[in-house]
Each structure stands twice: as C-alpha cells, then as structure tokens.
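start.txt follows (compact mmCIF, C-alpha atoms):
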# COMPACT_ATOMS: atom_id res chain seq x y z
CA MET A 12 6.62 95.84 -22.17
CA ALA A 13 5.23 95.17 -25.64
CA ALA A 14 3.81 98.71 -25.80
CA GLN A 15 7.16 100.37 -25.09
CA GLY A 16 9.09 98.15 -27.52
CA GLY A 17 6.38 98.44 -30.20
CA VAL A 18 7.49 101.71 -31.76
CA LEU A 19 11.13 100.62 -31.98
CA PHE A 20 10.06 97.32 -33.54
CA GLN A 21 7.96 99.07 -36.20
CA GLU A 22 10.94 101.29 -37.03
CA LYS A 23 13.20 98.27 -37.40
CA VAL A 24 10.69 96.55 -39.72
CA SER A 25 10.38 99.64 -41.90
CA ARG A 26 14.21 99.83 -42.10
CA LEU A 27 14.37 96.22 -43.24
CA LEU A 28 11.76 96.89 -45.93
CA SER A 29 13.17 100.19 -47.20
CA ARG A 30 15.32 100.60 -50.31
CA GLU A 31 17.30 103.52 -48.90
CA ASN A 32 20.30 101.50 -47.69
CA GLY A 33 20.78 99.26 -50.69
CA LYS A 34 18.55 96.28 -51.39
CA PRO A 35 15.71 95.64 -48.90
CA VAL A 36 16.36 92.71 -46.55
CA LEU A 37 12.70 91.59 -46.49
CA LYS A 38 10.56 91.11 -49.57
CA PRO A 39 7.24 89.92 -48.17
CA ASN A 40 4.73 88.55 -50.67
CA ARG A 41 1.91 88.73 -48.04
CA PRO A 42 1.16 91.59 -45.63
CA LEU A 43 3.14 91.40 -42.38
CA ILE A 44 0.12 90.77 -40.11
CA LEU A 45 0.02 88.16 -37.33
CA LYS A 46 -2.55 85.37 -37.61
CA ASP A 47 -5.28 85.00 -34.99
CA SER A 48 -4.21 81.42 -34.28
CA VAL A 49 -1.21 79.49 -33.01
CA GLY A 50 0.27 76.38 -34.63
CA ASN A 51 -0.55 73.04 -32.99
CA ARG A 52 1.91 71.16 -30.86
CA LYS A 53 2.45 67.52 -31.81
CA PRO A 54 1.32 65.38 -28.87
CA ARG A 55 3.95 62.91 -27.81
CA LYS A 56 2.95 59.37 -28.82
CA GLY A 57 2.60 57.02 -25.86
CA GLU A 58 2.67 53.24 -25.97
CA ALA A 59 -0.30 50.87 -25.80
CA SER A 60 -1.56 50.23 -22.25
CA CYS A 61 -2.78 46.87 -20.89
CA VAL A 62 -1.28 44.80 -23.72
CA THR A 63 -0.21 42.00 -21.35
CA GLU A 64 -3.69 41.72 -19.82
CA MET A 65 -5.22 41.68 -23.27
CA SER A 66 -2.88 38.93 -24.44
CA LEU A 67 -3.68 36.86 -21.31
CA LEU A 68 -7.38 37.35 -21.96
CA MET A 69 -7.02 36.29 -25.56
CA ALA A 70 -5.03 33.21 -24.60
CA CYS A 71 -7.79 32.28 -22.16
CA TRP A 72 -10.36 32.77 -24.91
CA LYS A 73 -8.42 30.61 -27.30
CA GLN A 74 -8.27 27.81 -24.71
CA ASN A 75 -11.94 27.97 -23.74
CA ASN A 76 -13.41 28.55 -27.19
CA PHE A 77 -14.44 32.16 -26.40
CA VAL A 78 -16.82 31.30 -23.59
CA ASP A 79 -16.81 34.35 -21.30
CA SER A 80 -17.93 32.69 -18.08
CA LEU A 81 -14.76 30.60 -17.87
CA CYS A 82 -12.48 33.61 -18.39
CA SER A 83 -14.12 35.93 -15.84
CA ASN A 84 -10.89 36.40 -13.83
CA GLU A 85 -8.93 37.57 -16.86
CA ILE A 86 -11.79 39.82 -17.91
CA ASN A 87 -11.86 41.45 -14.48
CA THR A 88 -8.12 42.05 -14.42
CA PHE A 89 -8.36 43.51 -17.92
CA TYR A 90 -11.11 45.91 -16.86
CA THR A 91 -9.22 47.04 -13.76
CA CYS A 92 -6.12 47.66 -15.86
CA VAL A 93 -8.12 49.65 -18.41
CA HIS A 94 -9.78 51.79 -15.73
CA LYS A 95 -6.45 52.48 -14.08
CA ALA A 96 -4.87 53.47 -17.39
CA GLU A 97 -7.81 55.77 -18.12
CA ALA A 98 -7.53 57.45 -14.70
CA ALA A 99 -3.76 57.82 -15.08
CA ARG A 100 -4.20 59.43 -18.48
CA LYS A 101 -6.76 61.88 -17.12
CA ASN A 102 -4.47 62.77 -14.22
CA MET A 103 -1.55 63.34 -16.58
CA SER A 104 -3.52 65.62 -18.88
CA GLU A 105 -5.01 67.55 -15.94
CA GLN A 106 -1.58 68.04 -14.39
CA SER A 107 -0.06 69.28 -17.61
CA ASN A 108 -3.00 71.67 -18.04
CA VAL A 109 -2.91 73.18 -14.53
CA THR A 110 0.84 73.46 -13.99
CA GLY A 111 3.29 74.67 -16.59
CA GLY A 112 2.29 78.35 -16.57
CA ARG A 113 1.97 78.33 -20.35
CA LEU A 114 -1.17 78.07 -22.45
CA THR A 115 -1.83 75.07 -24.67
CA PRO A 116 -2.09 75.90 -28.40
CA LYS A 117 -5.89 75.44 -28.24
CA GLN A 118 -6.27 77.89 -25.35
CA ALA A 119 -3.98 80.42 -27.03
CA THR A 120 -6.01 80.21 -30.25
CA THR A 121 -9.30 80.69 -28.39
CA LEU A 122 -7.88 83.72 -26.63
CA LEU A 123 -6.49 85.28 -29.80
CA LYS A 124 -9.80 84.73 -31.60
CA ARG A 125 -11.61 86.62 -28.87
CA PHE A 126 -9.24 89.59 -29.24
CA PRO A 127 -8.30 89.48 -32.91
CA ASN A 128 -5.74 91.57 -34.74
CA LEU A 129 -7.31 94.81 -36.00
CA ARG A 130 -7.04 94.87 -39.75
CA SER A 131 -8.71 98.20 -40.36
CA GLU A 132 -9.12 101.32 -38.28
CA ILE A 133 -12.51 101.52 -36.61
CA MET B 2 -7.24 83.26 -9.44
CA LYS B 3 -3.72 81.99 -10.04
CA GLU B 4 -1.33 83.39 -7.49
CA GLU B 5 1.89 81.86 -8.83
CA GLU B 6 2.56 84.54 -11.50
CA GLU B 7 5.89 86.15 -12.31
CA GLU B 8 6.92 89.07 -10.11
CA GLU B 9 6.68 91.86 -12.72
CA GLU B 10 3.16 93.18 -13.06
CA ASP B 11 2.47 92.53 -16.75
CA ASP B 12 -0.36 94.05 -18.75
CA ASP B 13 -1.08 90.54 -20.06
CA SER B 14 -1.31 88.82 -16.67
CA HIS B 15 -5.07 89.35 -16.38
CA ILE B 16 -5.50 87.85 -19.84
CA PHE B 17 -3.59 84.76 -18.74
CA LYS B 18 -5.75 84.49 -15.62
CA MET B 19 -8.87 84.68 -17.75
CA ALA B 20 -7.48 82.19 -20.25
CA ALA B 21 -6.75 79.67 -17.52
CA SER B 22 -10.46 79.45 -16.75
CA ILE B 23 -11.57 78.93 -20.36
CA SER B 24 -10.96 75.24 -20.16
CA GLY B 25 -13.10 74.93 -17.00
CA LEU B 26 -16.63 76.16 -16.56
CA LEU B 27 -17.63 79.60 -17.71
CA LYS B 28 -18.11 82.51 -15.37
CA PRO B 29 -21.55 83.10 -13.79
CA TRP B 30 -23.78 83.30 -16.80
CA THR B 31 -27.46 84.08 -17.23
CA PRO B 32 -29.02 83.77 -20.65
CA ARG B 33 -30.58 86.82 -22.22
CA VAL B 34 -33.53 84.69 -23.28
CA LEU B 35 -34.64 82.31 -20.53
CA LEU B 36 -34.52 78.68 -21.69
CA VAL B 37 -37.47 76.51 -20.81
CA ARG B 38 -36.49 73.04 -22.01
CA TRP B 39 -33.55 72.33 -24.25
CA SER B 40 -31.03 69.59 -24.86
CA ARG B 41 -27.92 71.75 -25.33
CA TYR B 42 -27.00 73.73 -22.28
CA ASN B 43 -24.18 76.03 -21.25
CA PRO B 44 -21.64 73.99 -19.25
CA TYR B 45 -22.52 76.22 -16.31
CA TYR B 46 -25.79 74.31 -15.82
CA LEU B 47 -25.78 71.32 -13.47
CA GLU B 48 -27.41 67.94 -13.93
CA PRO B 49 -30.73 67.42 -12.09
CA GLU B 50 -30.90 64.91 -9.23
CA VAL B 51 -33.97 62.78 -9.85
CA ARG B 52 -33.70 60.08 -7.21
CA LYS B 53 -35.89 60.48 -4.14
CA GLU B 54 -33.34 58.82 -1.84
CA ALA B 55 -30.82 61.57 -2.42
CA TYR B 56 -33.16 64.11 -0.81
CA SER B 57 -34.46 62.04 2.08
CA ARG B 58 -31.04 61.65 3.71
CA PRO B 59 -30.68 63.63 6.99
CA GLU B 60 -28.10 66.39 7.34
CA SER B 61 -25.79 64.34 9.57
CA GLU B 62 -25.24 61.59 7.00
CA LEU B 63 -23.76 63.87 4.38
CA SER B 64 -20.00 64.17 4.04
CA ALA B 65 -18.27 67.53 3.55
CA GLU B 66 -18.19 67.28 -0.24
CA GLU B 67 -21.85 66.41 -0.45
CA LYS B 68 -22.75 69.41 1.70
CA GLU B 69 -20.66 71.59 -0.59
CA GLU B 70 -22.43 70.13 -3.59
CA ARG B 71 -25.80 70.94 -2.08
CA GLU B 72 -24.72 74.53 -1.44
CA LEU B 73 -23.55 74.80 -5.02
CA LYS B 74 -26.86 73.46 -6.32
CA LYS B 75 -28.72 76.22 -4.47
CA LEU B 76 -26.88 78.87 -6.48
CA ARG B 77 -26.32 77.38 -9.93
CA PRO B 78 -28.99 76.96 -12.61
CA ILE B 79 -30.02 73.34 -13.27
CA LYS B 80 -30.91 71.66 -16.57
CA ALA B 81 -34.54 70.67 -17.04
CA ALA B 82 -35.10 66.93 -16.62
CA THR B 83 -36.38 65.16 -19.73
CA ASN B 84 -39.92 63.90 -19.97
CA SER B 85 -38.91 60.26 -19.68
CA THR B 86 -37.01 60.59 -16.38
CA THR B 87 -39.05 59.95 -13.26
CA SER B 88 -38.26 59.71 -9.58
CA SER B 89 -40.23 56.48 -9.25
CA LEU B 90 -38.78 53.08 -8.38
CA PHE B 91 -39.35 51.85 -11.90
CA ASN B 92 -37.14 54.43 -13.58
CA ASP B 93 -34.39 52.52 -15.37
CA PRO B 94 -31.79 54.48 -17.38
CA VAL B 95 -30.68 51.42 -19.37
CA LEU B 96 -34.26 50.59 -20.28
CA SER B 97 -34.95 54.22 -21.25
CA LYS B 98 -31.86 54.24 -23.48
CA PHE B 99 -33.01 51.01 -25.14
CA ILE B 100 -36.48 52.46 -25.77
CA ASN B 101 -34.95 55.59 -27.27
CA MET B 102 -32.77 53.54 -29.58
CA MET B 103 -35.78 51.53 -30.72
CA MET B 104 -37.82 54.68 -31.35
CA LYS B 105 -38.46 55.72 -34.94
CA HIS B 106 -39.70 59.13 -36.12
CA GLY B 107 -40.06 60.31 -32.55
CA GLU B 108 -42.87 57.88 -31.69
CA LYS B 109 -41.94 57.29 -28.09
CA THR B 110 -45.35 55.82 -27.15
CA LEU B 111 -45.02 53.11 -29.77
CA ALA B 112 -41.45 52.23 -28.76
CA ARG B 113 -42.46 52.13 -25.10
CA GLU B 114 -45.48 49.97 -25.90
CA ILE B 115 -43.29 47.49 -27.77
CA MET B 116 -40.87 47.37 -24.84
CA MET B 117 -43.65 46.72 -22.32
CA GLN B 118 -45.09 43.99 -24.51
CA THR B 119 -41.61 42.49 -24.79
CA LEU B 120 -41.21 42.38 -21.01
CA GLU B 121 -44.67 40.88 -20.61
CA ASN B 122 -43.88 38.27 -23.24
CA ILE B 123 -40.61 37.37 -21.49
CA LYS B 124 -42.50 36.99 -18.22
CA ARG B 125 -45.15 34.77 -19.80
CA LYS B 126 -42.59 32.48 -21.39
CA GLN B 127 -40.54 32.18 -18.22
CA VAL B 128 -43.59 31.51 -16.04
CA GLU B 129 -44.74 28.84 -18.47
CA LYS B 130 -41.33 27.25 -18.28
CA TYR B 131 -41.42 27.53 -14.49
CA HIS B 132 -44.72 25.70 -14.17
CA LYS B 133 -43.64 22.97 -16.55
CA ALA B 134 -40.29 22.44 -14.85
CA THR B 135 -39.52 19.85 -12.21
CA ASP B 136 -38.88 20.96 -8.61
CA GLY B 137 -35.14 20.73 -8.94
CA GLN B 138 -35.04 23.06 -11.95
CA LYS B 139 -37.52 25.60 -10.57
CA GLU B 140 -34.97 27.75 -8.76
CA GLY B 141 -32.81 28.08 -11.86
CA ILE B 142 -35.53 29.80 -13.90
CA GLU B 143 -35.48 33.61 -13.68
CA CYS B 144 -38.98 35.05 -13.96
CA ASN B 145 -38.25 38.76 -13.43
CA PRO B 146 -38.20 40.24 -16.96
CA TYR B 147 -36.08 43.21 -15.88
CA VAL B 148 -33.38 40.89 -14.57
CA VAL B 149 -33.57 38.88 -17.81
CA PHE B 150 -33.22 42.09 -19.86
CA HIS B 151 -30.23 43.40 -17.91
CA GLN B 152 -28.45 40.06 -17.86
CA ALA B 153 -29.03 39.55 -21.58
CA LEU B 154 -27.55 42.95 -22.35
CA GLU B 155 -24.59 42.22 -20.07
CA ASN B 156 -23.98 38.99 -21.93
CA CYS B 157 -24.03 40.84 -25.25
CA LYS B 158 -21.47 43.49 -24.32
CA PRO B 159 -18.14 43.04 -26.13
CA VAL B 160 -14.90 43.30 -24.15
CA VAL B 161 -12.59 44.33 -26.99
CA ALA B 162 -13.41 45.91 -30.31
CA LEU B 163 -11.45 46.70 -33.45
CA ALA B 164 -10.36 50.17 -34.50
CA SER B 165 -8.97 51.23 -37.85
CA ILE B 166 -5.52 52.70 -37.20
CA GLN B 167 -3.23 54.06 -39.87
CA LYS B 168 0.44 53.13 -39.74
CA GLY B 169 2.92 53.50 -42.55
CA GLY B 170 0.31 54.24 -45.19
CA LYS B 171 -1.81 51.18 -44.46
CA TYR B 172 -4.85 50.82 -42.24
CA TYR B 173 -4.81 47.99 -39.70
CA GLN B 174 -7.64 46.60 -37.56
CA VAL B 175 -6.25 47.01 -34.05
CA PRO B 176 -7.92 45.45 -30.98
CA ILE B 177 -8.75 48.11 -28.39
CA PRO B 178 -10.43 47.86 -24.97
CA VAL B 179 -13.99 49.14 -24.95
CA THR B 180 -15.69 50.24 -21.73
CA GLY B 181 -18.89 51.74 -20.42
CA ASN B 182 -21.13 53.60 -22.80
CA ARG B 183 -19.62 52.19 -25.98
CA GLN B 184 -20.20 48.60 -24.79
CA ARG B 185 -23.78 49.33 -23.84
CA PHE B 186 -24.41 51.05 -27.15
CA LEU B 187 -22.96 48.18 -29.19
CA ALA B 188 -24.98 45.57 -27.29
CA MET B 189 -28.25 47.49 -27.75
CA LYS B 190 -27.52 48.30 -31.39
CA TRP B 191 -26.77 44.69 -32.27
CA MET B 192 -29.90 43.52 -30.48
CA ILE B 193 -32.17 45.96 -32.31
CA THR B 194 -30.68 45.52 -35.79
CA GLU B 195 -30.70 41.74 -35.43
CA CYS B 196 -34.36 41.76 -34.45
CA ARG B 197 -35.25 44.14 -37.26
CA ASP B 198 -33.34 42.46 -40.08
CA ASN B 199 -32.76 38.78 -39.48
CA LYS B 200 -36.15 37.50 -38.38
CA HIS B 201 -39.27 36.37 -40.18
CA ARG B 202 -41.10 39.44 -41.42
CA ARG B 203 -44.56 38.49 -40.13
CA THR B 204 -43.57 38.30 -36.45
CA HIS B 205 -44.17 41.26 -34.19
CA MET B 206 -41.19 43.20 -32.86
CA TYR B 207 -41.98 42.30 -29.25
CA GLU B 208 -42.00 38.62 -30.18
CA LYS B 209 -38.66 38.86 -31.99
CA LEU B 210 -37.13 40.87 -29.14
CA SER B 211 -38.32 38.48 -26.44
CA GLN B 212 -36.92 35.49 -28.35
CA GLU B 213 -33.56 37.19 -28.84
CA LEU B 214 -33.36 38.46 -25.25
CA LEU B 215 -34.13 35.03 -23.81
CA ALA B 216 -31.51 33.50 -26.11
CA ALA B 217 -28.93 36.10 -25.03
CA PHE B 218 -29.84 35.42 -21.40
CA ALA B 219 -28.85 31.79 -22.03
CA ASN B 220 -25.71 32.84 -23.97
CA GLU B 221 -27.04 31.60 -27.29
CA GLY B 222 -28.46 33.30 -30.35
CA ASN B 223 -27.25 35.55 -33.13
CA VAL B 224 -26.22 38.55 -31.02
CA ILE B 225 -23.98 36.47 -28.78
CA ARG B 226 -22.58 34.87 -31.94
CA LYS B 227 -21.81 38.32 -33.33
CA LYS B 228 -20.03 39.26 -30.12
CA HIS B 229 -17.97 36.06 -30.28
CA GLU B 230 -17.06 36.75 -33.89
CA LEU B 231 -15.83 40.21 -32.92
CA HIS B 232 -13.75 38.66 -30.14
CA LYS B 233 -12.36 36.11 -32.59
CA MET B 234 -11.34 38.82 -35.05
CA ALA B 235 -9.69 40.78 -32.25
CA GLU B 236 -7.85 37.64 -31.18
CA ALA B 237 -6.70 37.06 -34.74
CA ASN B 238 -5.35 40.61 -34.94
CA ARG B 239 -3.67 40.58 -31.55
CA ALA B 240 -0.25 41.11 -33.16
CA TYR B 241 -1.26 44.68 -34.02
CA ALA B 242 -2.13 45.54 -30.43
CA HIS B 243 1.02 47.65 -30.11
CA TYR B 244 -0.18 50.03 -32.83
CA ARG B 245 -2.31 51.74 -30.21
CA TRP B 246 -0.78 54.82 -28.59
CA TRP B 247 -3.13 55.26 -25.71
This structure in structure tokens:
Amino acid sequence: MAAQGGVLFQEKVSRLLSRENGKPVLKPNRPLILKDSVGNRKPRKGEASCVTEMSLLMACWKQNNFVDSLCSNEINTFYTCVHKAEAARKNMSEQSNVTGGRLTPKQATTLLKRFPNLRSEI
Amino acid sequence: MKEEEEEEEDDDSHIFKMAASISGLLKPWTPRVLLVRWSRYNPYYLEPEVRKEAYSRPESELSAEEKEERELKKLRPIKAATNSTTSSLFNDPVLSKFINMMMKHGEKTLAREIMMQTLENIKRKQVEKYHKATDGQKEGIECNPYVVFHQALENCKPVVALASIQKGGKYYQVPIPVTGNRQRFLAMKWMITECRDNKHRRTHMYEKLSQELLAAFANEGNVIRKKHELHKMAEANRAYAHYRWW
C-alpha cells in the first residue's frame, strides 16, 4: 500500500518543490524527513472522585477534634470509595488500551524508535 | 495474537501485532550474561514465593488459576530473593521495611540490632506495667512488642495528604486520598525522623524509638500530633478538593 504509492508521492513532492512551473509551492527551511516520534495526545481531564466521602470525613473530624477512633465508619467508607475509584480507573485505562485498534502515542513512539527513519544509505 | 484485524492483509499488520505486546510483558527472554543477584530485573521475571504454607497445600485445594500460576512458574525465570527475606514464621515485611529505612550506610546489622533492642525495650516496659497494674487493668495491657509496633504504625498512618496542584498560574495545596504504600512510608518516615531529631541527644536510638512507639500505641506523642496537623491542614483546604482530576 505505502510501497506502491511511495514513488508517486515522491514525484508529487518534487513537483511541489521545483521551479519549473512558476514559483515553488513548498519552501521548506528544514529537510522533509519524518520524525521518529509521534505527538502526545492530551488526556481528557476527569473530575475528583470521592469528594463527598472526604467532606463527610472532614466534618466528622471537625466535630470530634480529629480523633480517628470516633470517625472509623467515615474512614472505612472513604477507603472503600477510594479503592473502587482506583479499580474503575485501572479498568478504564486497560479497556482503552486493549480495544480501539489504534496505538497510543507512547506505543507508536516506541515502535518508531525501534525502526527509525534511515537518514543515510548504509 | 490479535485476530480482529482488518480484512486486507497489510504489510504493517505484523508490526501492529508486535506493538500490542510492548505494553505487556516481553517475549521469552534469556539474558546473554546470566544474572546471579540483582535488584533490577526484566519484567519477564516473576516474584519468588517465600512462604512455606503456599507449598504445603495439596493439589486438590488449588483453584484453576492457582494451578495455572504454578505451571507458569515452572517455565518462567524467577527473581532471586533478597538476603533479608526468610520463610520462617518471624519474617515480617513491615518490620523489614522499617529496618531498611532506619539503615544508614548499608549497615544492616546495626539497624537490625537497634530494632531488636527496641522490641525488647517495649516488652520490658509493658511487662513492668503489667506487673504493677491492678487485676482489672491487666487485660488491657498489650505485652507483645510486635503487636505494639504494628498498632503504633497503624495509628500513625495519615488518611489524607496534601498535594501541590497548579491551577491558573498558582499552586494550591489540595487534599488527596493516600492509600497503601504511601501511608506506610509516611508513618515510618515520621517515626524515624522524629526519633532522630527531636529527642535528647544522649539517649540511645532504641530508647527513643520505644518511647515514641509506645506513645503512638496510646495515640499520643509527636508523630500522632504531626498526623493530626496534616489532617487539620487538609480540612482547612477542603475547598480545593475539586482541583483534583483523578
């Protein structure tokens, strides 16, 4: 696919650079070589998890002068909420990694670094 | 390998299949130079199972996953266990971690000696208290120094901590939940620094540690105070809790 279209693509690029048909369309100031890395995708910002449990816990602390033994129920609910949120986050990231069919930017960069663009003939 | 590829047989499909396994463990890998003992291993190596009980269970008791795990362990290379891990009853990972954190310049024997003296000192003090106490109070006094140590550390673990999060050019102290290893680390770190810095210089480390551990066991003392101060600061900053994004 890329191999068959490669020659035609090179010809098109050389046409865009040439001065034969009037001014050249492209005037590159750096050599037209692909980088061995891919730009990073911005991860979507989530919202804070377990804020309600934390506020309940802090209210309990305020009432009982920060003695932990009196607030053990709130502490336990807080911990369960935190563990659940952690597990949910792991599941989400695993799912998005396995399905999707595409590579993440990190994986693509690793792959490209293993098979880099040849800059000189060997 | 992944079966759900597009229908046309690309040249790049095998690269994608290989790339999909980068994030997981590497392919079967043997080192060119055989490692004897090391702390950084290829992710292909498995953790060693040190406990004796895991090996004495009969075949029938194992579930399907555990049988699979055993089969896997026969084929994969395993990391070497460190010198301080033992299969004895007295092997305590929390205690080992505390000893390692106390250790300076690699002198494990000295750190271990201090820890043993600390536990002995705790036992002596508690037994003295036990014999001096009236009959009604005798059950309330815990004489097992290991139980005292674990409970003291549990009492020192913070529930929430502050993190510096940038929003709109300014940095805010945001309360975040802290679990597991970070809690344990903070409790141990506070205990050790408090004993090193804030005590009279002519007392031995084991003496300072035993005093602080017994105080933490009773929910008093400087370390517990530090934990409460952290909780108070988190409570004061609770308005910024929504600045977290995880």
Counting all atoms listed in the file, which residues of chain A fall within 9 Å of chain B, and what is the closest atom pair for each with its distance in Å at one decimal, ordered by chain and rising number, as a Markdown table?
| residue | atom | partner | partner_atom | distance |
| --- | --- | --- | --- | --- |
| A:Met12 | CA | B:Asp11 | CA | 7.6 |
| A:Ala13 | CA | B:Asp12 | CA | 8.9 |
| A:Lys56 | CA | B:Trp246 | CA | 5.9 |
| A:Gly57 | CA | B:Trp246 | CA | 4.9 |
| A:Glu58 | CA | B:Trp246 | CA | 4.6 |
| A:Ala59 | CA | B:Trp246 | CA | 4.9 |
| A:Ser60 | CA | B:Trp247 | CA | 6.3 |
| A:Cys61 | CA | B:Pro178 | CA | 8.7 |
| A:Val62 | CA | B:Ala242 | CA | 6.8 |
| A:Met65 | CA | B:Pro178 | CA | 8.3 |
| A:Ser66 | CA | B:Arg239 | CA | 7.3 |
| A:Met69 | CA | B:Glu236 | CA | 5.8 |
| A:Ala70 | CA | B:Glu236 | CA | 8.4 |
| A:Trp72 | CA | B:Glu236 | CA | 8.3 |
| A:Lys73 | CA | B:Glu236 | CA | 8.0 |
| A:Phe77 | CA | B:His229 | CA | 6.5 |
| A:Val78 | CA | B:His229 | CA | 8.3 |
| A:Asp79 | CA | B:Asn156 | CA | 8.6 |
| A:Ile86 | CA | B:Val160 | CA | 7.8 |
| A:Phe89 | CA | B:Pro178 | CA | 8.5 |
| A:Tyr90 | CA | B:Thr180 | CA | 8.0 |
| A:Val93 | CA | B:Pro178 | CA | 7.2 |
| A:His94 | CA | B:Thr180 | CA | 8.6 |
| A:Ala96 | CA | B:Trp247 | CA | 8.7 |
| A:Glu97 | CA | B:Trp247 | CA | 8.9 |
| A:Arg100 | CA | B:Trp247 | CA | 8.4 |
| A:Asn108 | CA | B:Ala21 | CA | 8.9 |
| A:Val109 | CA | B:Ala21 | CA | 8.1 |
| A:Gly112 | CA | B:Glu6 | CA | 8.0 |
| A:Arg113 | CA | B:Phe17 | CA | 8.7 |
| A:Leu114 | CA | B:Ala21 | CA | 7.6 |
| A:Gln118 | CA | B:Ala20 | CA | 6.8 |
| A:Ala119 | CA | B:Ala20 | CA | 7.8 |
| A:Thr121 | CA | B:Ala20 | CA | 8.5 |
| A:Leu122 | CA | B:Ala20 | CA | 6.6 |
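Across B:Met206, B:Cys157, B:Val175, B:Ile142, the tightest approach to B:Asn223 is made by B:Cys157 when counting only C-alpha atoms.
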Next on the checklist: Rounded to one decimal, what separation in Å do you get between atom CA of B:Ser165 and atom CA of B:Gly181?
Outcome noted: 20.1 Å
Next on the checklist: What does the structure give for the distance between atom CA of B:Lys126 and atom CA of B:Ser211, in Å to one decimal?
Outcome noted: 8.9 Å
Next on the checklist: Would you pick out the contacts of stretch 48-51 of chain A at 12 Å or less, using only C-alpha atoms, so that residues sharing its chain but fewer than 3 positions from it are not included, and give the list as a VMD selection string?
Outcome noted: chain A and resid 44 to 45 54 114 to 128
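Shortest atom-to-atom contact with B:Asn238 among B:Ala153, B:Asn101, B:Pro78, B:Ala164: B:Ala164, counting only C-alpha atoms.
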Item to check | Nearest to B:Leu73 by atom-to-atom distance, counting all atoms listed in the file, from B:Leu47, B:Met104, B:Ala55, B:Ser89 | outcome: B:Leu47
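Put simply, atom CA of B:Arg77 is 8.4 Å away from atom CA of B:Pro29.
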Box dimensions and centre (Å, one decimal) enclosing stretch 48-67 of chain A, axis-aligned, 5 Å extra per side, as AutoDock Vina command-line options:
--center_x -0.6 --center_y 59.1 --center_z -27.2 --size_x 19.2 --size_y 54.6 --size_z 24.8
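Nearest to A:Ser104 of all the residues A:Gly33, A:Lys46, A:Arg55, A:Leu19 is A:Arg55, counting all atoms listed in the file.
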Next on the checklist: Just want the 8 Å neighbourhood of B:Thr119, counted on only C-alpha atoms, with same-chain residues fewer than 2 positions away dropped. Output as a list in words.
Outcome noted: Ile115, Met116, Met117, Glu121, Asn122, Ile123, Tyr207, Glu208, Leu210 and Ser211 of chain B
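The smallest atom-to-atom distance between B:Val95 and any of B:Tyr131, B:Trp30, B:Tyr147, B:Tyr172, using all atoms listed in the file, is found for B:Tyr147.
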